[in-house]
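Enquirer: Next comes start-v7.tsv, TSV, C-alpha atoms:
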```tsv
chain	number	residue	atom	x	y	z
A	16	MET	CA	195.89	10.39	94.97
A	17	GLY	CA	194.96	14.01	94.15
A	18	LYS	CA	192.63	15.22	91.45
A	19	SER	CA	193.97	15.51	87.94
A	20	LYS	CA	194.10	19.13	86.76
A	21	THR	CA	194.85	20.30	83.23
A	22	SER	CA	195.94	23.94	83.04
A	23	ALA	CA	195.73	24.00	79.24
A	24	THR	CA	191.96	23.40	79.28
A	25	GLY	CA	191.00	24.20	82.89
A	26	GLN	CA	189.60	20.73	83.60
A	27	GLY	CA	189.73	19.57	87.21
A	28	TYR	CA	189.85	22.98	88.91
A	29	VAL	CA	186.24	23.16	90.17
A	30	GLY	CA	186.20	22.94	93.97
A	31	GLU	CA	189.92	23.71	94.32
A	32	THR	CA	191.19	26.49	96.60
A	33	MET	CA	192.96	29.23	94.61
A	34	VAL	CA	194.37	32.73	95.26
A	35	HIS	CA	193.88	35.78	93.02
A	36	LYS	CA	197.44	36.99	92.33
A	37	ILE	CA	196.70	40.73	92.33
A	38	SER	CA	194.25	41.11	95.23
A	39	ARG	CA	195.46	38.00	97.14
A	40	ALA	CA	191.82	37.03	97.72
A	41	VAL	CA	191.46	33.36	98.68
A	42	GLY	CA	188.45	31.33	97.57
A	43	VAL	CA	187.11	28.17	95.96
A	44	VAL	CA	186.77	27.72	92.19
A	45	GLU	CA	183.04	27.80	91.45
A	46	SER	CA	183.05	27.38	87.67
A	47	VAL	CA	185.42	27.00	84.72
A	48	VAL	CA	184.89	28.01	81.10
A	49	GLU	CA	187.19	25.61	79.27
A	50	ALA	CA	189.82	26.91	76.88
A	51	ARG	CA	189.24	26.74	73.15
A	52	ASP	CA	190.47	28.29	69.92
A	53	GLY	CA	193.62	29.74	71.49
A	54	TRP	CA	191.85	31.46	74.41
A	55	PRO	CA	192.90	30.62	78.01
A	56	PRO	CA	190.49	29.02	80.50
A	57	GLN	CA	188.33	31.45	82.50
A	58	ILE	CA	187.54	30.68	86.14
A	59	THR	CA	185.16	32.11	88.74
A	60	LEU	CA	186.47	32.12	92.30
A	61	LYS	CA	183.89	32.31	95.11
A	62	LEU	CA	185.27	34.22	98.10
A	63	ALA	CA	184.39	33.70	101.77
A	64	ASP	CA	182.37	36.94	101.88
A	65	GLY	CA	180.10	35.70	99.08
A	66	SER	CA	181.54	37.82	96.29
A	67	SER	CA	183.25	36.44	93.18
A	68	LYS	CA	186.43	37.08	91.21
A	69	LYS	CA	186.59	36.19	87.51
A	70	GLY	CA	189.64	35.97	85.31
A	71	ASN	CA	192.03	33.88	83.27
A	72	LEU	CA	193.52	30.84	84.94
A	73	SER	CA	196.90	32.61	84.83
A	74	ASP	CA	195.48	35.34	87.14
A	75	PHE	CA	195.22	32.76	89.95
A	76	ARG	CA	197.69	30.54	91.82
A	77	GLU	CA	197.73	27.64	94.29
A	78	PRO	CA	197.51	28.80	97.94
A	79	SER	CA	200.24	28.45	100.53
A	80	GLY	CA	199.53	26.53	103.73
A	81	ALA	CA	198.61	29.69	105.66
A	82	GLU	CA	196.31	30.91	102.87
A	83	ARG	CA	194.61	27.52	102.65
A	84	LYS	CA	193.58	27.82	106.31
A	85	LYS	CA	191.73	31.11	105.60
A	86	VAL	CA	189.08	29.37	103.48
A	87	PRO	CA	186.23	27.98	105.61
A	88	PRO	CA	185.33	24.31	105.08
A	89	LEU	CA	182.43	23.49	102.76
A	90	GLU	CA	178.93	23.49	104.22
A	91	PRO	CA	177.27	20.03	104.33
A	92	GLU	CA	174.77	21.03	101.63
A	93	GLU	CA	177.61	22.22	99.35
A	94	LYS	CA	179.41	18.88	99.77
A	95	GLU	CA	176.24	17.02	98.72
A	96	ALA	CA	175.84	19.24	95.65
A	97	LYS	CA	179.41	18.44	94.49
A	98	ALA	CA	178.96	14.67	94.93
```
Show the structure stored in the file as structure tokens.
Expert:
Amino acid sequence: MGKSKTSATGQGYVGETMVHKISRAVGVVESVVEARDGWPPQITLKLADGSSKKGNLSDFREPSGAERKKVPPLEPEEKEAKA
């Protein structure tokens, strides 16, 4: 079964592959600032080149199959850090 994600608060998105809608940059969600007091969740997307994109959750979307292949797999040390 997949991870449970809540778009209203942003919970469950860390480690997921997402695409920035405007620039079409593909990356992995590095951090999430949860929504509160009527403000949308803010996420930070880490791109393959090492840079980051920040924005509202609505600025990002789930990747297609071809876009998902563009993201390199996690390094062994990154997998250990997430566990």
Enquirer: Between A:Glu45, A:Gln57, A:Leu62, A:Gly30, single out the one closest to Lys85 in chain A, counting all atoms listed in the file.
Expert: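 Counting all atoms listed in the file, the residue closest to Lys85 in chain A is A:Leu62.
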Enquirer: Interatomic distance between CA of Trp54 in chain A and CA of Ser67 in chain A?
Expert: 21.2 Å
Enquirer: Quote the spacing between CA of Met33 in chain A and CA of Leu60 in chain A in Å to one decimal place.
Expert: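 The value is 7.5 Å.
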Enquirer: A:Lys36, A:Gly42, A:Glu82, A:Tyr28: which is nearest Ser66 in chain A, counting only C-alpha atoms?
Expert: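 Of A:Lys36, A:Gly42, A:Glu82, A:Tyr28, the one nearest Ser66 in chain A is A:Gly42, counting only C-alpha atoms.
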Enquirer: With all atoms listed in the file as the basis for distance, which of A:Asp64, A:Thr24, A:His35, A:Val29 is at the shortest distance from Glu49 in chain A?
Expert: A:Thr24
Enquirer: In Å, rounded to a single decimal, give me how far CA of Val34 in chain A is from CA of Arg51 in chain A.
Expert: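 Calculated distance between CA of Arg51 in chain A and CA of Val34 in chain A is 23.5 Å.
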Enquirer: Kindly indicate which residue among A:Val43, A:Pro78, A:Ser73, A:Val86 lies nearest to Pro56 in chain A, using all atoms listed in the file for the distances.
Expert: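 Selected residue with least distance to Pro56 in chain A: A:Ser73.
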Enquirer: Identify which of the residues A:Gly70, A:Pro55, A:Arg39, A:Val44 lies closest to Gly27 in chain A, counting all atoms listed in the file when measuring atom-to-atom distances.
Expert: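 Among A:Gly70, A:Pro55, A:Arg39, A:Val44, it is A:Val44 that comes nearest to Gly27 in chain A.
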Enquirer: From the options A:Lys20, A:Asn71, A:Glu77, A:Gly25, which residue's atoms come nearest to Val41 in chain A, counting all atoms listed in the file?
Expert: A:Glu77
